[in-house]
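Take a look at the structure below.
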Amino acid sequence: MTWTFSTDLAAYLAAARPAVAAQPVVNTTLLTVIDALERRGPRAFGDSDPLFGWWTGADGAVDGALLHTPPFPLLLGAVPPEAVRALAGALGSDPLRGRVGGFNARRADARALAAAWGTPARVVEELRLYRLGTLAAPDPAPEGRVRTAAEPDLPLLLEWIEAFDRECGIPAGPSEAQLRDRISYGGLLLWELDGRPVSLAGFSRPIGGASRVGPVYTPPADRGRGYAAGVTHATSRAAYAAGAAEVLLFTDLANPTSNGVYQRLGYAPVEDRVVLEAV
């Protein structure tokens, strides 16, 4: 039983993709990051080369994976408990020594890694993964209508998603290439009131039958009017239309308003994740 680490994306895909794709709901973020690296290259998220890792169990089969795309924290997918213990033991060894500044992991796994890290850490964010059951329309329905974002919307999309990232503490802002890619498959939607955009939501390409809604952003002056619920409902429908069998989203547990909105739309909790960073 061992972790294998590599900077070779092709080797990682050959070894780990089947195990990651076998659990598309809980590995949703891993799958979308892998997809971005394949489409946009190894520097899709920053100027440093990614680090990849996969866990091989006692039976010789790969049973989980991780990746690290600086400046983002190390992202740990669904792995067995013995893999978490082994990863905790490897934190002070090459190639992880001095590289990892934080973790994004399931709550219990994050706790175990933090205990073994040997570095003071703080909780940056607590996230809840939701899966859509039966989609329900917002009640009351907000004023306005939805439309798919297009190339002329690119400056607004950049402005709003940069604002979303600042509010959420996301370390790297969006690129035009990233947004053009999402526009290309209809993955960004705008809610409009009298022709004026008032809210935004997006969805990821369906991978392994799963698509994830996000980001969802409404400028502060237009909040509290139900626009986010309207655009999230429309975006969830669009993800199904694009071929998703499972529609997912993450929420910040510190925001009870958004958690309530999504549950009223038909989303049910799956699991919690924690983002930790060194202090």
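As shown in the structure tokens, the chain order sets the letters A, B, ...; within each chain, residues go from 1, and ligands are also counted from 1 in the order they appear.
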
Item to complete: With a distance cut-off of 10 Å and only C-alpha atoms, select the neighbouring residues of Thr148 (chain A), excluding the residue or stretch itself and same-chain residues fewer than 4 positions from it, and output the selection as an NGL selection string.
Response: :A and (153 or 183 or 185-191 or 200-202 or 234-235 or 238)

Practice prompt. For Thr7 (chain A), work out the shell of residues within 8 Å, counting only C-alpha atoms and skipping chain neighbours fewer than 6 positions away, then give it as a ChimeraX atom specification.
Written response: /A:49-52

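Candidate residues A:Gln23, A:Asn255, A:Gln263, A:Ser211 were compared for distance to Ala229 (chain A), and the nearest is A:Gln263, using only C-alpha atoms.
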
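Comparing A:Pro220, A:Arg40, A:Glu82, A:Leu9 by their smallest distance to His68 (chain A), the closest is A:Leu9 (using only C-alpha atoms).
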
Discussion item. Set the distance at 7 Å and use only C-alpha atoms: which residues neighbour region 1-4 of chain A once local chain neighbours fewer than 5 positions away are removed? I'd like the list as an MDAnalysis selection string.
Written reply: chainID A and resid 53:58

Would you save the residues from that selection as a compact mmCIF listing (two decimals), in the first residue's frame, using C-alpha atoms?
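Now in out-v7.txt:
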# COMPACT_ATOMS: atom_id res chain seq x y z
CA GLY A 53 -0.69 11.49 -6.41
CA TRP A 54 -2.54 8.18 -6.36
CA TRP A 55 -3.03 5.53 -3.71
CA THR A 56 -2.46 1.85 -4.46
CA GLY A 57 -4.11 -0.55 -2.03
CA ALA A 58 -3.03 -3.95 -0.77

Practice prompt. Enumerate, as a PyMOL selection string, the complete set of residues in region 146-270 of chain A that a backbone-based DSSP assignment places in strand (DSSP E or B).
Written response: chain A and resi 146-148+188-193+196-203+207+210-217+246-252+267-270

Worksheet item: Separation of CA of Leu30 (chain A) and CA of Leu156 (chain A), in Å?
Response: 27.6 Å

Practice prompt. Extract, using only C-alpha atoms, all DNA, RNA and protein residues at most 7 Å from Thr134 (chain A), discarding same-chain residues fewer than 2 positions from it, and format them as a VMD selection string.
Written response: chain A and resid 132 136 266

Worksheet item: Hey, which of A:Leu179, A:Leu135, A:Ala115, A:Val124 ends up closest to Glu151 (chain A)? Count only C-alpha atoms.
Response: A:Leu179

Practice prompt. Name the closest residue to Arg122 (chain A) among the candidates A:Pro18, A:Arg39, A:Gly101, A:Gly89; distances are taken between atoms, counting only C-alpha atoms.
Written response: A:Gly101

Set the distance at 8 Å and use only C-alpha atoms: which residues neighbour Leu158 (chain A) once local chain neighbours fewer than 3 positions away are removed? I'd like the list as a compact mmCIF listing (two decimals) with N, CA and C atoms, in the first residue's frame.
# COMPACT_ATOMS: atom_id res chain seq x y z
N LEU A 154 -18.26 38.96 -21.83
CA LEU A 154 -17.01 38.58 -21.18
C LEU A 154 -16.51 39.61 -20.16
N PRO A 155 -16.51 40.92 -20.45
CA PRO A 155 -16.05 41.87 -19.42
C PRO A 155 -16.87 41.82 -18.14
N ILE A 161 -17.03 37.48 -11.59
CA ILE A 161 -16.39 36.28 -11.03
C ILE A 161 -15.16 36.67 -10.23
N GLU A 162 -14.47 37.73 -10.63
CA GLU A 162 -13.40 38.25 -9.78
C GLU A 162 -13.95 38.71 -8.43
N PRO A 174 -10.32 34.38 -12.36
CA PRO A 174 -10.61 33.70 -13.63
C PRO A 174 -9.78 34.29 -14.76
N SER A 175 -9.56 33.49 -15.79
CA SER A 175 -8.90 33.97 -17.00
C SER A 175 -9.92 34.05 -18.12
N GLU A 176 -9.60 34.85 -19.13
CA GLU A 176 -10.48 34.93 -20.28
C GLU A 176 -10.60 33.57 -20.97
N LEU A 179 -13.13 31.45 -19.12
CA LEU A 179 -14.51 31.88 -19.32
C LEU A 179 -14.97 31.62 -20.75

Practice prompt. Just the helix (DSSP H, G or I) stuff from region 133-233 of chain A, please, per backbone DSSP, written as a ChimeraX atom specification.
Written response: /A:151-168,176-184,220-222,227-233

Written file, previous selection with N, CA and C atoms, as a short mmCIF file (atom, residue, chain, number, x, y, z; two decimals), in the first residue's frame:
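Result saved to result-v9.cif:
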data_model
loop_
_atom_site.label_atom_id
_atom_site.label_comp_id
_atom_site.auth_asym_id
_atom_site.auth_seq_id
_atom_site.Cartn_x
_atom_site.Cartn_y
_atom_site.Cartn_z
N GLU A 151 -20.13 35.79 -25.80
CA GLU A 151 -18.84 36.48 -25.86
C GLU A 151 -18.93 37.97 -25.49
N PRO A 152 -19.94 38.73 -25.93
CA PRO A 152 -19.98 40.15 -25.53
C PRO A 152 -20.12 40.37 -24.02
N ASP A 153 -20.52 39.33 -23.28
CA ASP A 153 -20.66 39.44 -21.83
C ASP A 153 -19.34 39.25 -21.09
N LEU A 154 -18.26 38.96 -21.83
CA LEU A 154 -17.01 38.58 -21.18
C LEU A 154 -16.51 39.61 -20.16
N PRO A 155 -16.51 40.92 -20.45
CA PRO A 155 -16.05 41.87 -19.42
C PRO A 155 -16.87 41.82 -18.14
N LEU A 156 -18.19 41.68 -18.26
CA LEU A 156 -19.04 41.58 -17.07
C LEU A 156 -18.76 40.29 -16.32
N LEU A 157 -18.60 39.19 -17.05
CA LEU A 157 -18.33 37.90 -16.41
C LEU A 157 -17.02 37.96 -15.63
N LEU A 158 -15.99 38.54 -16.23
CA LEU A 158 -14.71 38.68 -15.53
C LEU A 158 -14.86 39.52 -14.27
N GLU A 159 -15.57 40.63 -14.36
CA GLU A 159 -15.75 41.51 -13.20
C GLU A 159 -16.49 40.79 -12.08
N TRP A 160 -17.59 40.11 -12.42
CA TRP A 160 -18.39 39.48 -11.39
C TRP A 160 -17.70 38.26 -10.79
N ILE A 161 -17.03 37.48 -11.59
CA ILE A 161 -16.39 36.28 -11.03
C ILE A 161 -15.16 36.67 -10.23
N GLU A 162 -14.47 37.73 -10.63
CA GLU A 162 -13.40 38.25 -9.78
C GLU A 162 -13.95 38.71 -8.43
N ALA A 163 -15.10 39.36 -8.44
CA ALA A 163 -15.72 39.79 -7.19
C ALA A 163 -16.13 38.59 -6.34
N PHE A 164 -16.68 37.57 -6.98
CA PHE A 164 -17.04 36.33 -6.28
C PHE A 164 -15.80 35.72 -5.63
N ASP A 165 -14.70 35.62 -6.40
CA ASP A 165 -13.48 35.02 -5.87
C ASP A 165 -12.94 35.81 -4.68
N ARG A 166 -13.01 37.15 -4.76
CA ARG A 166 -12.56 37.95 -3.61
C ARG A 166 -13.40 37.68 -2.39
N GLU A 167 -14.71 37.63 -2.55
CA GLU A 167 -15.59 37.37 -1.40
C GLU A 167 -15.32 36.01 -0.79
N CYS A 168 -14.98 35.03 -1.63
CA CYS A 168 -14.79 33.65 -1.15
C CYS A 168 -13.34 33.36 -0.78
N GLU A 176 -9.60 34.85 -19.13
CA GLU A 176 -10.48 34.93 -20.28
C GLU A 176 -10.60 33.57 -20.97
N ALA A 177 -9.50 32.82 -21.02
CA ALA A 177 -9.54 31.50 -21.65
C ALA A 177 -10.50 30.58 -20.93
N GLN A 178 -10.47 30.63 -19.61
CA GLN A 178 -11.37 29.80 -18.82
C GLN A 178 -12.82 30.17 -19.09
N LEU A 179 -13.13 31.45 -19.12
CA LEU A 179 -14.51 31.88 -19.32
C LEU A 179 -14.97 31.62 -20.75
N ARG A 180 -14.08 31.81 -21.72
CA ARG A 180 -14.45 31.48 -23.10
C ARG A 180 -14.77 30.00 -23.24
N ASP A 181 -14.02 29.17 -22.54
CA ASP A 181 -14.31 27.74 -22.58
C ASP A 181 -15.71 27.46 -22.03
N ARG A 182 -16.08 28.11 -20.95
CA ARG A 182 -17.41 27.88 -20.38
C ARG A 182 -18.51 28.44 -21.28
N ILE A 183 -18.25 29.58 -21.89
CA ILE A 183 -19.21 30.13 -22.84
C ILE A 183 -19.42 29.17 -24.01
N SER A 184 -18.35 28.47 -24.42
CA SER A 184 -18.42 27.62 -25.61
C SER A 184 -19.44 26.49 -25.48
N PRO A 220 -23.92 43.01 -4.68
CA PRO A 220 -24.57 43.37 -3.41
C PRO A 220 -25.84 44.21 -3.57
N ALA A 221 -25.87 45.13 -4.50
CA ALA A 221 -27.03 46.02 -4.63
C ALA A 221 -28.29 45.29 -5.09
N ASP A 222 -28.12 44.09 -5.67
CA ASP A 222 -29.28 43.36 -6.19
C ASP A 222 -29.61 42.13 -5.37
N TYR A 227 -32.99 36.63 -7.13
CA TYR A 227 -32.37 36.42 -8.43
C TYR A 227 -31.44 35.21 -8.43
N ALA A 228 -30.70 35.02 -7.33
CA ALA A 228 -29.78 33.88 -7.27
C ALA A 228 -30.55 32.56 -7.32
N ALA A 229 -31.71 32.51 -6.67
CA ALA A 229 -32.53 31.29 -6.74
C ALA A 229 -33.01 31.06 -8.17
N GLY A 230 -33.42 32.15 -8.84
CA GLY A 230 -33.89 32.02 -10.21
C GLY A 230 -32.82 31.52 -11.15
N VAL A 231 -31.62 32.10 -11.06
CA VAL A 231 -30.56 31.70 -11.98
C VAL A 231 -30.01 30.32 -11.62
N THR A 232 -30.01 29.95 -10.33
CA THR A 232 -29.55 28.61 -9.95
C THR A 232 -30.53 27.55 -10.45
N HIS A 233 -31.83 27.82 -10.35
CA HIS A 233 -32.83 26.90 -10.86
C HIS A 233 -32.63 26.71 -12.37
#

Sorted by chain and rising residue number, which residues of region 112-138 of chain A lie within 10 Å of region 246-249 of chain A, and what are their closest atom pairs and distances in Å to one decimal, counting only C-alpha atoms, as a Markdown table?
| residue | atom | partner | partner_atom | distance |
| --- | --- | --- | --- | --- |
| A:Leu127 | CA | A:Leu249 | CA | 9.9 |
| A:Arg128 | CA | A:Leu249 | CA | 8.3 |
| A:Leu129 | CA | A:Leu249 | CA | 5.9 |
| A:Tyr130 | CA | A:Leu249 | CA | 5.3 |
| A:Arg131 | CA | A:Leu248 | CA | 4.5 |
| A:Leu132 | CA | A:Val247 | CA | 5.5 |
| A:Gly133 | CA | A:Val247 | CA | 8.5 |
| A:Leu135 | CA | A:Val247 | CA | 9.9 |

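Closest to Pro197 (chain A) among A:Leu91, A:Val146, A:Ile170, A:Val213 is A:Val146, based on only C-alpha atoms.
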
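Across the model, the gap from CA of Asp63 (chain A) to CA of Arg17 (chain A) is 10.1 Å.
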
Do you know which residues are at most 8 Å from Thr119 (chain A) counting only C-alpha atoms, after dropping those on the same chain fewer than 3 positions away, and could you put them as a short mmCIF file (atom, residue, chain, number, x, y, z; two decimals) with C-alpha atoms, in the first residue's frame?
data_model
loop_
_atom_site.label_atom_id
_atom_site.label_comp_id
_atom_site.auth_asym_id
_atom_site.auth_seq_id
_atom_site.Cartn_x
_atom_site.Cartn_y
_atom_site.Cartn_z
CA ALA A 114 -3.99 18.70 10.36
CA ALA A 278 -0.90 27.04 7.42
CA VAL A 279 -0.65 30.03 9.74
#

Discussion item. Applying 8 Å and only C-alpha atoms, which residues near Arg106 (chain A) remain after dropping the ones on its own chain fewer than 4 positions away? List them as a PyMOL selection string.
Written reply: chain A and resi 76-78+110+271-274

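For the choices A:Val26, A:Ser93, A:Leu253, A:Tyr262, the atom-to-atom distance to Val216 (chain A) is smallest for A:Tyr262 when using only C-alpha atoms.
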